[in-house]
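Novice: Sharing my_file_0.txt (compact mmCIF, C-alpha atoms) below.
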# COMPACT_ATOMS: atom_id res chain seq x y z
CA MET A 171 -22.26 -3.97 -12.28
CA ASP A 172 -20.41 -2.69 -9.19
CA ARG A 173 -17.67 -5.18 -8.23
CA THR A 174 -16.35 -3.07 -5.36
CA PRO A 175 -16.08 -5.40 -2.35
CA HIS A 176 -17.28 -4.28 1.06
CA ILE A 177 -14.57 -5.55 3.35
CA GLY A 178 -14.00 -5.41 7.09
CA VAL A 179 -10.68 -5.99 8.80
CA ARG A 180 -10.03 -7.54 12.20
CA GLU A 181 -7.13 -9.04 14.08
CA ILE A 182 -6.32 -12.73 13.83
CA THR A 183 -7.17 -14.73 16.94
CA PRO A 184 -6.28 -18.28 18.02
CA SER A 185 -9.72 -19.42 16.82
CA ASP A 186 -8.67 -18.57 13.24
CA GLY A 187 -6.18 -21.44 13.07
CA ASP A 188 -8.09 -23.40 10.42
CA PHE A 189 -8.38 -20.36 8.18
CA LEU A 190 -4.65 -19.66 8.51
CA VAL A 191 -4.01 -23.20 7.31
CA ASP A 192 -6.26 -22.46 4.33
CA MET A 193 -4.26 -19.31 3.62
CA VAL A 194 -0.92 -21.15 3.81
CA LEU A 195 -2.40 -23.66 1.36
CA GLU A 196 -3.39 -20.88 -1.04
CA SER A 197 0.08 -19.37 -0.79
CA ALA A 198 1.82 -22.65 -1.46
CA ASN A 199 -0.43 -23.40 -4.43
CA TRP A 200 -0.12 -20.10 -6.28
CA GLU A 201 0.84 -22.03 -9.44
CA GLY A 202 -1.67 -24.87 -9.04
CA ASP A 203 -2.81 -27.51 -6.57
CA ALA A 204 0.44 -29.38 -5.97
CA VAL A 205 0.26 -29.09 -2.18
CA SER A 206 -2.56 -30.70 -0.17
CA ARG A 207 -4.06 -29.45 3.06
CA ARG A 208 -2.70 -32.54 4.76
CA ALA A 209 0.77 -31.59 3.56
CA VAL A 210 0.41 -28.14 5.12
CA LEU A 211 -0.59 -29.73 8.43
CA THR A 212 2.19 -32.32 8.43
CA SER A 213 5.08 -30.41 6.86
CA PRO A 214 7.00 -28.51 9.58
CA GLY A 215 8.15 -25.92 7.04
CA LEU A 216 4.56 -25.00 6.18
CA ALA A 217 2.74 -25.78 9.43
CA ARG A 218 4.92 -23.38 11.42
CA TYR A 219 3.22 -20.44 9.67
CA ALA A 220 -0.17 -21.32 11.17
CA ASN A 221 0.30 -23.52 14.24
CA GLY A 222 -0.23 -22.16 17.74
CA TRP A 223 -1.30 -18.66 16.82
CA GLY A 224 -0.98 -16.17 19.66
CA ARG A 225 2.63 -16.61 20.67
CA GLN A 226 4.79 -13.59 21.43
CA GLY A 227 5.24 -11.33 18.41
CA ASP A 228 2.39 -12.79 16.34
CA LEU A 229 0.49 -10.07 14.51
CA GLY A 230 -2.04 -10.49 11.73
CA LEU A 231 -5.19 -9.23 10.08
CA ILE A 232 -8.12 -11.00 8.43
CA ALA A 233 -10.25 -9.40 5.74
CA PHE A 234 -13.90 -10.47 5.80
CA ASP A 235 -16.87 -9.93 3.52
CA LEU A 236 -19.39 -7.47 4.94
CA ASP A 237 -21.96 -8.68 2.41
CA GLY A 238 -21.99 -12.31 3.54
CA PRO A 239 -25.29 -14.22 3.62
CA ARG A 240 -27.42 -13.56 6.71
CA GLY A 241 -24.84 -11.09 7.94
CA LEU A 242 -22.10 -13.68 8.34
CA GLN A 243 -18.55 -12.31 8.38
CA ILE A 244 -16.89 -14.65 5.89
CA PRO A 245 -13.07 -14.46 5.81
CA VAL A 246 -11.67 -13.74 2.35
CA GLY A 247 -7.98 -13.19 3.05
CA ALA A 248 -5.29 -12.75 5.65
CA ALA A 249 -1.91 -11.13 6.13
CA TRP A 250 0.27 -11.85 9.11
CA ILE A 251 3.79 -11.71 10.49
CA ARG A 252 5.58 -14.17 12.73
CA TYR A 253 9.06 -14.39 14.25
CA PHE A 254 11.05 -17.57 13.59
CA PRO A 255 14.21 -18.76 15.33
CA SER A 256 17.28 -19.68 13.29
CA THR A 257 16.70 -23.32 14.28
CA GLU A 258 13.24 -23.29 12.63
CA PRO A 259 13.48 -20.67 9.88
CA GLY A 260 10.69 -19.71 7.52
CA TYR A 261 11.14 -19.73 3.76
CA GLY A 262 11.91 -16.01 3.82
CA PHE A 263 14.05 -16.08 6.97
CA VAL A 264 16.66 -13.32 7.28
CA GLU A 265 17.50 -13.24 10.99
CA PRO A 266 15.66 -13.96 14.27
CA GLY A 267 14.78 -10.30 14.91
CA VAL A 268 13.07 -9.84 11.55
CA PRO A 269 9.51 -11.26 11.39
CA GLU A 270 8.35 -12.92 8.18
CA LEU A 271 5.19 -11.89 6.36
CA ALA A 272 2.69 -14.27 4.80
CA MET A 273 -0.44 -13.31 2.88
CA ALA A 274 -3.14 -14.82 0.70
CA ILE A 275 -6.59 -14.01 -0.69
CA ILE A 276 -9.18 -16.66 -1.52
CA PRO A 277 -9.96 -17.41 -5.17
CA GLY A 278 -12.78 -15.27 -6.47
CA ARG A 279 -11.74 -12.30 -4.34
CA ARG A 280 -8.41 -11.57 -5.97
CA ARG A 281 -7.51 -8.57 -8.10
CA LEU A 282 -10.04 -6.39 -6.27
CA GLY A 283 -7.57 -4.40 -4.16
CA ILE A 284 -8.15 -6.46 -1.02
CA GLY A 285 -4.59 -7.74 -0.81
CA ARG A 286 -3.14 -4.28 -1.33
CA ALA A 287 -5.29 -2.75 1.42
CA LEU A 288 -4.64 -5.65 3.78
CA LEU A 289 -0.89 -5.41 3.26
CA GLY A 290 -0.92 -1.65 3.82
CA ALA A 291 -2.85 -2.04 7.06
CA LEU A 292 -0.49 -4.73 8.33
CA LEU A 293 2.60 -2.63 7.59
CA VAL A 294 1.11 0.17 9.69
CA ARG A 295 0.38 -2.19 12.58
CA ALA A 296 3.82 -3.83 12.37
CA ARG A 297 5.54 -0.45 12.53
CA GLU A 298 3.37 0.59 15.48
CA GLY A 299 4.26 -2.69 17.19
CA GLY A 300 7.97 -1.96 16.99
CA ALA A 301 9.07 -4.03 13.99
CA ARG A 302 11.85 -2.34 12.03
CA ARG A 303 11.98 -4.71 9.07
CA LEU A 304 9.85 -7.48 7.57
CA SER A 305 10.89 -10.28 5.24
CA LEU A 306 8.97 -12.62 2.96
CA SER A 307 9.46 -15.29 0.35
CA VAL A 308 7.72 -15.06 -3.02
CA GLY A 309 7.87 -17.52 -5.89
CA ARG A 310 9.73 -16.33 -8.94
CA GLY A 311 7.10 -15.37 -11.48
CA ASN A 312 4.42 -14.81 -8.84
CA PRO A 313 2.45 -11.62 -9.70
CA ALA A 314 2.48 -10.77 -5.98
CA GLN A 315 6.11 -9.68 -6.32
CA HIS A 316 4.95 -6.46 -8.01
CA LEU A 317 2.59 -5.70 -5.12
CA TYR A 318 5.41 -6.16 -2.63
CA GLU A 319 7.75 -3.95 -4.62
CA GLN A 320 5.12 -1.19 -4.63
CA ALA A 321 4.88 -1.53 -0.85
CA GLY A 322 8.64 -0.98 -0.52
CA PHE A 323 10.00 -4.53 -0.41
CA VAL A 324 13.35 -5.08 -2.12
CA ALA A 325 14.82 -8.36 -3.29
CA LEU A 326 17.78 -9.98 -1.52
CA PRO A 327 19.35 -12.09 -4.28
CA ASP A 328 22.21 -13.16 -2.00
CA ALA A 329 20.03 -14.22 0.95
CA ALA A 330 20.49 -17.80 2.11
CA THR A 331 16.76 -18.41 1.59
CA THR A 332 16.72 -17.10 -1.98
CA SER A 333 16.72 -19.95 -4.49
CA THR A 334 16.08 -20.70 -8.15
CA THR A 335 12.35 -20.94 -7.40
CA ALA A 336 11.79 -18.33 -4.69
CA LEU A 337 13.02 -14.85 -3.87
CA THR A 338 13.50 -13.41 -0.39
CA MET A 339 12.45 -9.77 -0.01
CA VAL A 340 12.75 -7.25 2.84
CA VAL A 341 11.07 -3.93 3.65
CA ALA A 342 12.32 -1.30 6.10
CA LEU A 343 9.42 0.12 8.11
CA ASP A 344 10.73 3.68 8.22
CA HIS A 345 8.46 5.06 5.51
CA GLU A 346 4.75 5.67 5.10
CA PRO A 347 2.75 2.77 3.59
CA VAL A 348 2.10 2.94 -0.12
CA ALA A 349 -1.55 3.78 -0.78
CA ASP A 350 -3.57 2.16 -3.51
CA PRO A 351 -2.61 4.18 -6.62
CA GLY A 352 -6.14 3.82 -7.91
CA THR A 353 -7.88 5.34 -4.88
CA GLY A 354 -5.25 6.52 -2.43
CA ALA A 355 -7.03 4.49 0.24
CA THR A 356 -5.77 1.94 2.71
CA ALA A 357 -7.75 -0.17 5.16
CA VAL A 358 -6.63 0.51 8.73
CA PRO A 359 -8.23 -1.49 11.56
CA THR A 360 -8.77 -0.20 15.08
CA PRO A 361 -6.18 -1.10 17.75
CA SER A 362 -8.56 -3.58 19.36
CA SER A 363 -9.66 -6.92 17.95
CA THR A 364 -13.06 -5.47 17.13
CA SER A 365 -13.78 -5.47 13.43
CA ALA A 366 -13.24 -2.20 11.66
CA PRO A 367 -15.32 -2.12 8.46
CA THR A 368 -13.70 -0.45 5.49
CA SER A 369 -14.53 -0.26 1.81
CA VAL A 370 -11.88 -1.49 -0.57
CA SER A 371 -12.07 -0.02 -4.04
CA ALA A 372 -11.69 -2.29 -7.04
CA ALA A 373 -8.04 -2.01 -8.03
CA PRO A 374 -5.83 -4.76 -9.45
CA SER A 375 -3.73 -6.67 -6.94
CA ALA A 376 -1.72 -9.88 -6.96
CA SER A 377 -3.24 -13.28 -6.51
CA ALA A 378 -1.32 -15.02 -3.74
CA SER A 379 1.92 -14.74 -1.90
CA ALA A 380 4.35 -15.98 0.70
CA PRO A 381 5.19 -18.25 2.37
CA ALA A 382 7.06 -20.22 -0.22
CA SER A 383 6.21 -23.88 -0.56
CA THR A 384 8.85 -26.51 -1.05
CA ASP A 385 8.38 -26.21 -4.79
CA SER A 386 6.93 -22.84 -5.66
CA ALA A 387 6.05 -19.71 -3.70
Just give me the structure as structure tokens.

Specialist:
Amino acid sequence: MDRTPHIGVREITPSDGDFLVDMVLESANWEGDAVSRRAVLTSPGLARYANGWGRQGDLGLIAFDLDGPRGLQIPVGAAWIRYFPSTEPGYGFVEPGVPELAMAIIPGRRRLGIGRALLGALLVRAREGGARRLSLSVGRGNPAQHLYEQAGFVALPDAATTSTTALTMVVALDHEPVADPGTGATAVPTPSSTSAPTSVSAAPSASASAPASTDSA
């Protein structure tokens, strides 16, 4: 049976706020269900990843299922970057001029290459938008760390945001994105917010990722 997903990619808009909350929840719960949706909404450290989308510097992509029932475009994952000030840092904060990346894929759509393609597309867009570096926080032991390393992220063991439970990583956007080693393909959306359908080949990818929660990722 063909498990290759048929995935489209579009830009995140302010109307996607609820789905971004869902994605922060998936990221925080990469080890289980310790964090509730209410906690994401009420915890400043988590809510700041999703609240008020559309401010200056916000950039993100949503992957959606092209095979949804009745033609519905059902979101299955997201990857986005956001700038944080030093007074309200993210879990992977490095400095105010370095945006932080967050990413998650819904259960049931993981390990199909969607996260890898989504990350590759976002790195292209971030570079085109003028970002020189990106940071993130990933839980120690999270399989997503391998995906980030393949994309060029390196660990910062001495970063102030690195802890016994989470690792801060940074990528310099002065190299070409790493293609899926299984297919050589990446999903690249059009410059507009119009959906750009792409096929994502079935290739293993990590399950969930940054931002880090207070306990895990």

Novice: Tell me, in Å to one decimal, how far atom CA of Leu326 of chain A is from atom CA of Met339 of chain A.

Specialist: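 Result for atom CA of Leu326 of chain A versus atom CA of Met339 of chain A: 5.5 Å, one decimal.
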
Novice: Which is closer to Val191 of chain A than all the others in A:Tyr261, A:Gly224, A:Pro266, A:Ala272, using only C-alpha atoms?

Specialist: A:Ala272

Novice: If we count all atoms listed in the file and set the cut-off at 12 Å, which residues sit around Gln226 of chain A, ignoring sequence neighbours fewer than 4 positions away in its own chain? Please answer as an mmCIF file with C-alpha atoms, in the frame of the given file.

Specialist:
data_model
loop_
_atom_site.group_PDB
_atom_site.id
_atom_site.type_symbol
_atom_site.label_atom_id
_atom_site.label_comp_id
_atom_site.auth_asym_id
_atom_site.auth_seq_id
_atom_site.Cartn_x
_atom_site.Cartn_y
_atom_site.Cartn_z
ATOM 1 C CA GLY A 222 -0.230 -22.160 17.740
ATOM 2 C CA ILE A 251 3.790 -11.710 10.490
ATOM 3 C CA ARG A 252 5.580 -14.170 12.730
ATOM 4 C CA TYR A 253 9.060 -14.390 14.250
ATOM 5 C CA PHE A 254 11.050 -17.570 13.590
ATOM 6 C CA PRO A 269 9.510 -11.260 11.390
ATOM 7 C CA GLY A 299 4.260 -2.690 17.190
#

Novice: Work out how far apart atom CA of Gly262 of chain A and atom CA of Ala198 of chain A are and give it in Å to one decimal.

Specialist: 13.2 Å

Novice: Calculated over only C-alpha atoms, which of the candidates A:Ile177, A:Ala217, A:Val308, A:Ala296 has the smallest distance to Gly247 of chain A?

Specialist: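 Looking only at the distances to Gly247 of chain A, the closest residue turns out to be A:Ile177.
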
Novice: How far is it from atom CA of Asp192 of chain A to atom CA of Arg240 of chain A, in Å with one decimal?

Specialist: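 One can read the atom CA of Asp192 of chain A to atom CA of Arg240 of chain A distance as 23.1 Å.
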
Novice: Using all atoms listed in the file, find the one residue out of A:Arg180, A:His316, A:Arg207, A:Arg303 that sits nearest to Ala233 of chain A.

Specialist: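 Checking each candidate against Ala233 of chain A, we get A:Arg180 as the closest.
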
Novice: Could you check which of A:Gly215, A:Gly311, A:Gly187, A:Gly230 is closest to Arg295 of chain A, using all atoms listed in the file?

Specialist: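 Once distances to Arg295 of chain A are computed over all atoms listed in the file, the minimum belongs to A:Gly230.
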